[in-house]
Amino acid sequence: MIELNNITNNKIAFIGAGVVGLTTAAFFASKGIYTIITDKNYSRLELIKNGKIPFYEPKLDQLVNVGLNNGTLVVEYDTTKAIQSSDIVFITVGTPPFEDGSIDLTYIKEATTTIAYSIRSYPAYKLIIIKSTVVPTTTSKIIKPIIDNILNDEGYEDKYPAILVNPEFLREGSAVHDTINPHIIVIGSNNGEGANILDKLYRQIYGNNIPIIHTTWENAELIKYANNSFLATKISFINTIANICSRINNADIDTIANAIGLDPRIGSLFLKAGPGYGGSCLPKDVKALIKFAESIGYKPRLLISVDETNEYQSLEVVNLAEKAVSSLEGKVISILGLSFKKDTDDIRNSVSLKVIDHLLRNNACVKVHDPKSIEHVKAIFGNKIEYHTNVISCLTGADCCIIMVDWDEYKLLTNKDFNVMKDKNVIDVWRILDINKLTDIKYIALGRSNINKNDSI
Ligand code: NAD
Ligand code: UGA
């Protein structure tokens, strides 16, 4: 029975120990809630059980260890047992893309099936909360029918679970901060009671200052896609303006972004021009929404253009390098930064990988450095590129270096550091270097007047 007066007395399970599942579970556990984390990847669970994090996410190890030490965070290898021991079950499995960009719901279906069979063999009322990102109508057309089919032949009336859609808005690299300080909580439901229980849980955790939006399943699903697609749109927009800046004299994208960002109707965030958005979510979610819209008979022209603009942007970076060294053939190019953004070791859809791929196709010799993700990249490029754990050795002998990620340590690079290069062409994709302190290099910044305006790329 779910206890409403002190909701924190309930047991909560998380299926899927990725960034979302583990961070949320660890935060709930740090609040004194008995929280069970389960995953089908046992080596992931083994690490967590030993207080280690299977990926790099700042401050998450501290949060996990608080829960482990208090005994409020419990690692469970048997997913059925985790579900049967809990009143509230969060689904936090991955929803990766198929080759064509549409959403692959395999893990969602698996987790839902396991939950339904767990209830069937041990009936008890539960909340099932879909925190994974799922395209609109997934809950009504896929998740609920799976549960209905498995629970259809018994009298489960008062044991039938409440199904809720509760999308997540945290960012990798600041997952702990974002989980502790959400800007919004969205609860989609078709049943008032379950939504009220979840509302109470969140109110007890977060107090009354966070807006909680109660809505339908479909709105909750689409809010998540609209949110990520809008962020992606801002980035593709500013990258478009940056590429115009690069082709005219005396233009600087950051001055323009700062100015338009002061218009409260536009806002200053997500207007940093760069190599295009990467990561496990913005690219996949924009593509999945495009595919979903097409599947219901609508061609979302704006989103298609946002995606195409983003796919192109890595070439803009490669063209800056090519321009600097005349021909890429045989040239040594150092790539600083491999993860999809700083403060994470996640290389899913990292633009650096696309740039490396283009460089290799043009027969350049590629050397790479990253503070956290070298090992992941080795698994992709093997001996086709050179790996360095030290920035200076990565720069040594290079004809050109491209700063792909704004890791803090790259911001501190000085004239002396670049002296080890053969030819000091430095491409600053995020414009992080202080050019007033760099006198002796050929400095090229994305979004500042570098490319001949007659170029057509
Ligand atoms: P992830 O891929 O890092 O981790 C998912 C975990 O689920 C994996 O460890 C996998 O082994 C496990 N899993 C898959 N199927 C399972 C099953 N049937 N039973 C038990 N475990 C199973 O995922 P993530 O990055 O944490 O993202 C999870 C979801 O949240 C996705 O839908 C994503 O789009 C969404 N999301 C992610 C972020 C983010 O920053 N990563 C932010 C907001 C929303
Ligand atoms: C993004 C969203 O910001 C989160 O709200 C959302 O929960 C998450 O996706 C998700 O659904 O998984 P994340 O991908 O972790 O979070 O990281 P972001 O900070 O959004 O960066 C995404 C990409 O956009 C990175 O490649 C980053 O370099 C790029 N970016 C970001 C820009 O090019 N310019 C900007 O101004 C901001």
# chains A, B, ... in the order shown; residues from 1 in each chain; ligands from 1
>>> select_by_dssp(residues="range 108-189 of chain A", states="strand (DSSP E or B)", output="VMD selection string")
chain A and resid 127 to 130 162 to 165 185 to 188
>>> write_last_selection(atoms="N, CA, C and O atoms", output="compact mmCIF listing (two decimals), in the first residue's frame")
# COMPACT_ATOMS: atom_id res chain seq x y z
N LEU A 127 2.97 2.66 -8.67
CA LEU A 127 3.09 3.70 -9.70
C LEU A 127 4.19 3.26 -10.64
O LEU A 127 5.27 2.87 -10.19
N ILE A 128 3.90 3.31 -11.95
CA ILE A 128 4.96 3.07 -12.94
C ILE A 128 5.23 4.41 -13.60
O ILE A 128 4.32 5.02 -14.18
N ILE A 129 6.46 4.85 -13.50
CA ILE A 129 6.77 6.20 -13.95
C ILE A 129 7.76 6.15 -15.11
O ILE A 129 8.88 5.67 -14.95
N ILE A 130 7.31 6.66 -16.26
CA ILE A 130 8.18 6.65 -17.45
C ILE A 130 9.00 7.93 -17.42
O ILE A 130 8.50 9.01 -17.72
N ALA A 162 -0.84 2.66 -11.69
CA ALA A 162 -1.00 3.98 -12.31
C ALA A 162 0.23 4.19 -13.20
O ALA A 162 1.36 3.95 -12.76
N ILE A 163 -0.01 4.59 -14.44
CA ILE A 163 1.12 4.82 -15.36
C ILE A 163 1.27 6.33 -15.53
O ILE A 163 0.31 7.02 -15.90
N LEU A 164 2.48 6.81 -15.27
CA LEU A 164 2.72 8.26 -15.34
C LEU A 164 3.91 8.57 -16.24
O LEU A 164 4.86 7.79 -16.29
N VAL A 165 3.83 9.69 -16.92
CA VAL A 165 4.95 10.13 -17.76
C VAL A 165 5.60 11.33 -17.07
O VAL A 165 4.92 12.32 -16.80
N ILE A 185 8.79 20.26 -13.04
CA ILE A 185 8.45 18.83 -12.98
C ILE A 185 7.18 18.66 -13.80
O ILE A 185 6.21 19.42 -13.61
N VAL A 186 7.21 17.72 -14.71
CA VAL A 186 6.03 17.47 -15.56
C VAL A 186 5.49 16.09 -15.21
O VAL A 186 6.24 15.11 -15.15
N ILE A 187 4.19 16.03 -14.96
CA ILE A 187 3.56 14.73 -14.65
C ILE A 187 2.41 14.52 -15.62
O ILE A 187 1.42 15.27 -15.59
N GLY A 188 2.56 13.54 -16.48
CA GLY A 188 1.48 13.21 -17.42
C GLY A 188 0.74 11.99 -16.90
O GLY A 188 1.36 11.02 -16.46
>>> residues_near_ligand(ligand="ligand 1", cutoff="7 Å", atoms="only C-alpha atoms and all ligand atoms", output="VMD selection string")
chain A and resid 15 to 21 38 to 41 44 79 92 to 95 107 to 108 110 to 111 131 to 134 167 to 172 280 to 281
>>> write_last_selection(atoms="N, CA, C and O atoms", output="CSV table (one decimal), in the first residue's frame")
chain,number,residue,atom,x,y,z
A,15,ILE,N,14.7,1.3,-12.8
A,15,ILE,CA,15.2,0.3,-13.8
A,15,ILE,C,16.0,1.1,-14.8
A,15,ILE,O,15.4,1.8,-15.6
A,16,GLY,N,17.3,0.8,-14.8
A,16,GLY,CA,18.2,1.5,-15.7
A,16,GLY,C,19.1,2.5,-14.9
A,16,GLY,O,18.7,3.5,-14.4
A,17,ALA,N,20.4,2.1,-14.8
A,17,ALA,CA,21.3,2.8,-14.0
A,17,ALA,C,22.3,3.7,-14.9
A,17,ALA,O,23.5,3.7,-14.8
A,18,GLY,N,21.7,4.4,-15.8
A,18,GLY,CA,22.4,5.4,-16.6
A,18,GLY,C,22.5,6.7,-15.9
A,18,GLY,O,22.2,6.8,-14.7
A,19,VAL,N,22.8,7.8,-16.6
A,19,VAL,CA,23.0,9.1,-16.0
A,19,VAL,C,21.7,9.5,-15.3
A,19,VAL,O,21.7,9.9,-14.1
A,20,VAL,N,20.5,9.2,-15.9
A,20,VAL,CA,19.3,9.7,-15.4
A,20,VAL,C,18.9,8.8,-14.2
A,20,VAL,O,18.6,9.3,-13.1
A,21,GLY,N,18.9,7.5,-14.4
A,21,GLY,CA,18.5,6.6,-13.3
A,21,GLY,C,19.3,6.7,-12.1
A,21,GLY,O,18.9,6.8,-11.0
A,38,THR,N,18.4,-0.9,-10.2
A,38,THR,CA,18.7,-2.2,-10.9
A,38,THR,C,19.0,-1.9,-12.4
A,38,THR,O,18.7,-0.8,-12.9
A,39,ASP,N,19.6,-2.9,-13.0
A,39,ASP,CA,20.0,-2.7,-14.4
A,39,ASP,C,20.3,-4.1,-15.0
A,39,ASP,O,20.7,-5.0,-14.2
A,40,LYS,N,20.2,-4.3,-16.3
A,40,LYS,CA,20.5,-5.6,-16.8
A,40,LYS,C,22.0,-5.7,-17.1
A,40,LYS,O,22.5,-6.8,-17.3
A,41,ASN,N,22.7,-4.6,-17.0
A,41,ASN,CA,24.1,-4.6,-17.1
A,41,ASN,C,24.8,-4.8,-15.7
A,41,ASN,O,24.9,-3.9,-14.9
A,44,ARG,N,27.9,-2.9,-14.6
A,44,ARG,CA,27.5,-1.5,-14.1
A,44,ARG,C,27.1,-1.5,-12.7
A,44,ARG,O,27.5,-0.7,-11.8
A,79,THR,N,15.8,-7.7,-11.4
A,79,THR,CA,14.9,-6.6,-11.7
A,79,THR,C,13.5,-6.9,-11.1
A,79,THR,O,12.8,-6.1,-10.6
A,92,THR,N,14.0,4.1,-16.4
A,92,THR,CA,15.0,5.1,-16.8
A,92,THR,C,16.0,4.4,-17.8
A,92,THR,O,17.2,4.7,-17.8
A,93,VAL,N,15.4,3.5,-18.6
A,93,VAL,CA,16.3,2.8,-19.6
A,93,VAL,C,16.5,3.7,-20.8
A,93,VAL,O,15.8,4.7,-20.9
A,94,GLY,N,17.4,3.4,-21.6
A,94,GLY,CA,17.7,4.2,-22.8
A,94,GLY,C,16.7,4.0,-23.9
A,94,GLY,O,15.9,3.0,-23.9
A,95,THR,N,16.5,5.1,-24.7
A,95,THR,CA,15.6,5.1,-25.8
A,95,THR,C,16.4,5.5,-27.1
A,95,THR,O,16.2,6.6,-27.6
A,107,TYR,N,14.1,-1.3,-25.2
A,107,TYR,CA,14.3,-1.4,-23.7
A,107,TYR,C,13.1,-1.0,-22.9
A,107,TYR,O,12.9,-1.5,-21.8
A,108,ILE,N,12.3,-0.1,-23.4
A,108,ILE,CA,11.1,0.4,-22.7
A,108,ILE,C,10.1,-0.8,-22.7
A,108,ILE,O,9.5,-1.1,-21.7
A,110,GLU,N,10.9,-4.0,-22.9
A,110,GLU,CA,11.4,-5.0,-22.0
A,110,GLU,C,11.1,-4.7,-20.6
A,110,GLU,O,10.6,-5.5,-19.8
A,111,ALA,N,11.4,-3.4,-20.2
A,111,ALA,CA,11.2,-3.0,-18.8
A,111,ALA,C,9.7,-3.1,-18.4
A,111,ALA,O,9.3,-3.6,-17.3
A,131,LYS,N,10.3,7.8,-17.0
A,131,LYS,CA,11.1,9.0,-17.0
A,131,LYS,C,12.0,9.0,-18.3
A,131,LYS,O,12.5,10.1,-18.7
A,132,SER,N,12.2,7.9,-18.9
A,132,SER,CA,12.9,7.8,-20.2
A,132,SER,C,12.1,8.7,-21.2
A,132,SER,O,10.9,8.9,-21.1
A,133,THR,N,12.8,9.2,-22.2
A,133,THR,CA,12.2,10.1,-23.2
A,133,THR,C,11.5,9.2,-24.2
A,133,THR,O,12.2,8.3,-24.9
A,134,VAL,N,10.2,9.3,-24.4
A,134,VAL,CA,9.5,8.5,-25.4
A,134,VAL,C,8.6,9.4,-26.3
A,134,VAL,O,8.0,10.4,-25.8
A,167,PRO,N,9.0,13.2,-17.7
A,167,PRO,CA,10.2,13.4,-18.4
A,167,PRO,C,11.3,14.1,-17.6
A,167,PRO,O,11.0,14.8,-16.6
A,168,GLU,N,12.5,13.9,-18.0
A,168,GLU,CA,13.7,14.4,-17.2
A,168,GLU,C,14.4,15.5,-18.1
A,168,GLU,O,14.5,15.4,-19.3
A,169,PHE,N,14.9,16.5,-17.4
A,169,PHE,CA,15.5,17.7,-18.1
A,169,PHE,C,16.9,17.9,-17.7
A,169,PHE,O,17.5,18.9,-18.0
A,170,LEU,N,17.5,17.0,-17.0
A,170,LEU,CA,18.9,17.2,-16.5
A,170,LEU,C,19.9,17.2,-17.7
A,170,LEU,O,19.6,16.6,-18.8
A,171,ARG,N,21.0,17.9,-17.5
A,171,ARG,CA,22.1,17.9,-18.5
A,171,ARG,C,23.3,17.0,-18.0
A,171,ARG,O,23.6,17.1,-16.8
A,172,GLU,N,23.9,16.3,-18.9
A,172,GLU,CA,25.1,15.6,-18.5
A,172,GLU,C,26.2,16.7,-18.1
A,172,GLU,O,26.2,17.8,-18.7
A,280,SER,N,23.9,12.4,-26.3
A,280,SER,CA,23.0,11.3,-26.5
A,280,SER,C,21.6,11.7,-26.6
A,280,SER,O,20.7,10.9,-26.8
A,281,CYS,N,21.3,13.0,-26.6
A,281,CYS,CA,19.9,13.4,-26.6
A,281,CYS,C,19.5,14.4,-27.7
A,281,CYS,O,18.5,14.1,-28.4
>>> residues_near_ligand(ligand="ligand 2", cutoff="9 Å", atoms="only C-alpha atoms and all ligand atoms", output="PyMOL selection string")
chain A and resi 20+132-133+167-175+178+224-225+227-228+231-232+234-236+238-239+268-283+285+339-342+344+349-351+405-406+430
>>> atom_distance(atom1="CA of Asn419 in chain A", atom2="CA of Leu328 in chain A")
20.8 Å
>>> atom_distance(atom1="CA of Tyr125 in chain A", atom2="CA of Trp217 in chain A")
19.6 Å
>>> residues_around(residues="Glu157 in chain A", least_positions_apart="5", cutoff="12 Å", atoms="only C-alpha atoms", output="list in words")
Pro123, Ala124, Tyr125, Asp148, Leu151, Asn152 and Ala162 of chain A
>>> residues_around(residues="Tyr34 in chain A", least_positions_apart="3", cutoff="8 Å", atoms="only C-alpha atoms", output="PyMOL selection string")
chain A and resi 8-12+28-29+71-74
>>> select_by_dssp(residues="range 387-422 of chain A", states="alpha helix (DSSP H)", output="PDB file with all heavy atoms, in the first residue's frame")
ATOM      1  N   VAL A 391      48.480  17.346 -23.060  1.00  0.00           N
ATOM      2  CA  VAL A 391      48.145  18.288 -24.138  1.00  0.00           C
ATOM      3  C   VAL A 391      49.376  18.663 -24.949  1.00  0.00           C
ATOM      4  O   VAL A 391      49.333  18.720 -26.188  1.00  0.00           O
ATOM      5  CB  VAL A 391      47.514  19.585 -23.554  1.00  0.00           C
ATOM      6  CG1 VAL A 391      47.160  20.560 -24.672  1.00  0.00           C
ATOM      7  CG2 VAL A 391      46.282  19.265 -22.753  1.00  0.00           C
ATOM      8  N   ILE A 392      50.487  18.896 -24.251  1.00  0.00           N
ATOM      9  CA  ILE A 392      51.687  19.361 -24.964  1.00  0.00           C
ATOM     10  C   ILE A 392      52.184  18.285 -25.928  1.00  0.00           C
ATOM     11  O   ILE A 392      52.536  18.577 -27.080  1.00  0.00           O
ATOM     12  CB  ILE A 392      52.815  19.763 -23.965  1.00  0.00           C
ATOM     13  CG1 ILE A 392      52.297  20.823 -22.993  1.00  0.00           C
ATOM     14  CG2 ILE A 392      54.054  20.260 -24.714  1.00  0.00           C
ATOM     15  CD1 ILE A 392      51.740  22.076 -23.628  1.00  0.00           C
ATOM     16  N   SER A 393      52.172  17.037 -25.492  1.00  0.00           N
ATOM     17  CA  SER A 393      52.639  15.995 -26.425  1.00  0.00           C
ATOM     18  C   SER A 393      51.649  15.869 -27.587  1.00  0.00           C
ATOM     19  O   SER A 393      52.038  15.570 -28.720  1.00  0.00           O
ATOM     20  CB  SER A 393      52.875  14.658 -25.714  1.00  0.00           C
ATOM     21  OG  SER A 393      51.667  14.005 -25.463  1.00  0.00           O
ATOM     22  N   CYS A 394      50.386  16.163 -27.348  1.00  0.00           N
ATOM     23  CA  CYS A 394      49.409  16.111 -28.455  1.00  0.00           C
ATOM     24  C   CYS A 394      49.685  17.241 -29.458  1.00  0.00           C
ATOM     25  O   CYS A 394      49.521  17.073 -30.666  1.00  0.00           O
ATOM     26  CB  CYS A 394      47.988  16.214 -27.884  1.00  0.00           C
ATOM     27  SG  CYS A 394      46.713  16.031 -29.127  1.00  0.00           S
ATOM     28  N   LEU A 395      50.124  18.391 -28.941  1.00  0.00           N
ATOM     29  CA  LEU A 395      50.369  19.540 -29.841  1.00  0.00           C
ATOM     30  C   LEU A 395      51.713  19.430 -30.570  1.00  0.00           C
ATOM     31  O   LEU A 395      51.902  20.031 -31.640  1.00  0.00           O
ATOM     32  CB  LEU A 395      50.390  20.839 -29.024  1.00  0.00           C
ATOM     33  CG  LEU A 395      49.051  21.306 -28.434  1.00  0.00           C
ATOM     34  CD1 LEU A 395      49.278  22.525 -27.532  1.00  0.00           C
ATOM     35  CD2 LEU A 395      48.079  21.664 -29.544  1.00  0.00           C
ATOM     36  N   ASP A 408      38.115  23.244 -19.228  1.00  0.00           N
ATOM     37  CA  ASP A 408      38.776  24.369 -18.558  1.00  0.00           C
ATOM     38  C   ASP A 408      40.277  24.399 -18.810  1.00  0.00           C
ATOM     39  O   ASP A 408      40.862  25.461 -18.974  1.00  0.00           O
ATOM     40  CB  ASP A 408      38.494  24.323 -17.043  1.00  0.00           C
ATOM     41  CG  ASP A 408      37.033  24.683 -16.758  1.00  0.00           C
ATOM     42  OD1 ASP A 408      36.373  25.232 -17.673  1.00  0.00           O
ATOM     43  OD2 ASP A 408      36.554  24.388 -15.644  1.00  0.00           O
ATOM     44  N   GLU A 409      40.918  23.211 -18.850  1.00  0.00           N
ATOM     45  CA  GLU A 409      42.381  23.222 -18.993  1.00  0.00           C
ATOM     46  C   GLU A 409      42.831  23.801 -20.340  1.00  0.00           C
ATOM     47  O   GLU A 409      43.920  24.347 -20.444  1.00  0.00           O
ATOM     48  CB  GLU A 409      42.984  21.828 -18.771  1.00  0.00           C
ATOM     49  CG  GLU A 409      42.650  20.794 -19.810  1.00  0.00           C
ATOM     50  CD  GLU A 409      43.314  19.447 -19.459  1.00  0.00           C
ATOM     51  OE1 GLU A 409      44.470  19.247 -19.837  1.00  0.00           O
ATOM     52  OE2 GLU A 409      42.671  18.607 -18.819  1.00  0.00           O
ATOM     53  N   TYR A 410      41.985  23.736 -21.363  1.00  0.00           N
ATOM     54  CA  TYR A 410      42.379  24.301 -22.660  1.00  0.00           C
ATOM     55  C   TYR A 410      42.336  25.834 -22.638  1.00  0.00           C
ATOM     56  O   TYR A 410      43.035  26.498 -23.399  1.00  0.00           O
ATOM     57  CB  TYR A 410      41.484  23.781 -23.794  1.00  0.00           C
ATOM     58  CG  TYR A 410      41.479  22.265 -23.953  1.00  0.00           C
ATOM     59  CD1 TYR A 410      40.353  21.609 -24.455  1.00  0.00           C
ATOM     60  CD2 TYR A 410      42.584  21.492 -23.621  1.00  0.00           C
ATOM     61  CE1 TYR A 410      40.332  20.218 -24.609  1.00  0.00           C
ATOM     62  CE2 TYR A 410      42.565  20.112 -23.761  1.00  0.00           C
ATOM     63  CZ  TYR A 410      41.440  19.489 -24.247  1.00  0.00           C
ATOM     64  OH  TYR A 410      41.423  18.118 -24.399  1.00  0.00           O
ATOM     65  N   LYS A 411      41.500  26.376 -21.762  1.00  0.00           N
ATOM     66  CA  LYS A 411      41.372  27.841 -21.686  1.00  0.00           C
ATOM     67  C   LYS A 411      42.674  28.476 -21.203  1.00  0.00           C
ATOM     68  O   LYS A 411      42.922  29.659 -21.421  1.00  0.00           O
ATOM     69  CB  LYS A 411      40.247  28.227 -20.707  1.00  0.00           C
ATOM     70  CG  LYS A 411      38.870  27.812 -21.195  1.00  0.00           C
ATOM     71  CD  LYS A 411      37.787  28.156 -20.184  1.00  0.00           C
ATOM     72  CE  LYS A 411      36.456  27.560 -20.645  1.00  0.00           C
ATOM     73  NZ  LYS A 411      35.434  27.497 -19.610  1.00  0.00           N
ATOM     74  N   ASN A 415      51.120  30.968 -25.207  1.00  0.00           N
ATOM     75  CA  ASN A 415      52.077  30.980 -26.328  1.00  0.00           C
ATOM     76  C   ASN A 415      53.086  29.844 -26.242  1.00  0.00           C
ATOM     77  O   ASN A 415      53.358  29.154 -27.211  1.00  0.00           O
ATOM     78  CB  ASN A 415      52.889  32.278 -26.284  1.00  0.00           C
ATOM     79  CG  ASN A 415      52.207  33.392 -27.041  1.00  0.00           C
ATOM     80  OD1 ASN A 415      51.556  33.135 -28.049  1.00  0.00           O
ATOM     81  ND2 ASN A 415      52.348  34.602 -26.543  1.00  0.00           N
ATOM     82  N   LYS A 416      53.614  29.669 -25.009  1.00  0.00           N
ATOM     83  CA  LYS A 416      54.658  28.671 -24.792  1.00  0.00           C
ATOM     84  C   LYS A 416      54.158  27.268 -25.147  1.00  0.00           C
ATOM     85  O   LYS A 416      54.859  26.479 -25.770  1.00  0.00           O
ATOM     86  CB  LYS A 416      55.073  28.728 -23.310  1.00  0.00           C
ATOM     87  CG  LYS A 416      56.364  28.049 -23.009  1.00  0.00           C
ATOM     88  CD  LYS A 416      56.807  28.410 -21.577  1.00  0.00           C
ATOM     89  CE  LYS A 416      57.456  27.207 -20.950  1.00  0.00           C
ATOM     90  NZ  LYS A 416      56.654  26.550 -19.935  1.00  0.00           N
ATOM     91  N   ASP A 417      52.917  26.988 -24.780  1.00  0.00           N
ATOM     92  CA  ASP A 417      52.362  25.658 -25.058  1.00  0.00           C
ATOM     93  C   ASP A 417      52.273  25.397 -26.568  1.00  0.00           C
ATOM     94  O   ASP A 417      52.536  24.303 -27.041  1.00  0.00           O
ATOM     95  CB  ASP A 417      50.958  25.534 -24.442  1.00  0.00           C
ATOM     96  CG  ASP A 417      50.992  25.696 -22.933  1.00  0.00           C
ATOM     97  OD1 ASP A 417      51.924  25.160 -22.320  1.00  0.00           O
ATOM     98  OD2 ASP A 417      50.101  26.369 -22.389  1.00  0.00           O
ATOM     99  N   PHE A 418      51.900  26.439 -27.317  1.00  0.00           N
ATOM    100  CA  PHE A 418      51.729  26.247 -28.762  1.00  0.00           C
ATOM    101  C   PHE A 418      53.076  26.233 -29.503  1.00  0.00           C
ATOM    102  O   PHE A 418      53.145  25.862 -30.672  1.00  0.00           O
ATOM    103  CB  PHE A 418      50.814  27.336 -29.341  1.00  0.00           C
ATOM    104  CG  PHE A 418      49.385  27.215 -28.849  1.00  0.00           C
ATOM    105  CD1 PHE A 418      48.830  28.177 -28.014  1.00  0.00           C
ATOM    106  CD2 PHE A 418      48.605  26.126 -29.207  1.00  0.00           C
ATOM    107  CE1 PHE A 418      47.524  28.064 -27.546  1.00  0.00           C
ATOM    108  CE2 PHE A 418      47.289  25.998 -28.749  1.00  0.00           C
ATOM    109  CZ  PHE A 418      46.745  26.965 -27.917  1.00  0.00           C
TER     110      PHE A 418
END
>>> decode(residues="range 53-79 of chain A", atoms="C-alpha atoms", output="CSV table (one decimal), in the first residue's frame")
chain,number,residue,atom,x,y,z
A,53,ILE,CA,30.4,5.4,-11.1
A,54,PRO,CA,30.3,3.6,-14.5
A,55,PHE,CA,30.8,7.0,-16.3
A,56,TYR,CA,32.2,10.4,-15.5
A,57,GLU,CA,29.7,12.7,-14.0
A,58,PRO,CA,30.9,15.4,-11.5
A,59,LYS,CA,29.9,14.9,-7.9
A,60,LEU,CA,27.8,11.8,-8.6
A,61,ASP,CA,30.2,9.5,-6.7
A,62,GLN,CA,29.7,11.5,-3.6
A,63,LEU,CA,25.9,11.3,-3.8
A,64,VAL,CA,26.0,7.6,-4.5
A,65,ASN,CA,28.3,7.0,-1.6
A,66,VAL,CA,26.0,8.9,0.8
A,67,GLY,CA,23.1,6.6,-0.2
A,68,LEU,CA,25.3,3.4,0.0
A,69,ASN,CA,26.7,4.4,3.4
A,70,ASN,CA,23.2,5.2,4.8
A,71,GLY,CA,21.8,2.0,3.5
A,72,THR,CA,19.2,3.9,1.6
A,73,LEU,CA,20.6,3.2,-1.9
A,74,VAL,CA,20.4,-0.5,-2.6
A,75,VAL,CA,21.8,-2.3,-5.7
A,76,GLU,CA,19.6,-5.1,-6.9
A,77,TYR,CA,20.6,-7.5,-9.7
A,78,ASP,CA,17.2,-9.1,-10.0
A,79,THR,CA,14.9,-6.6,-11.7
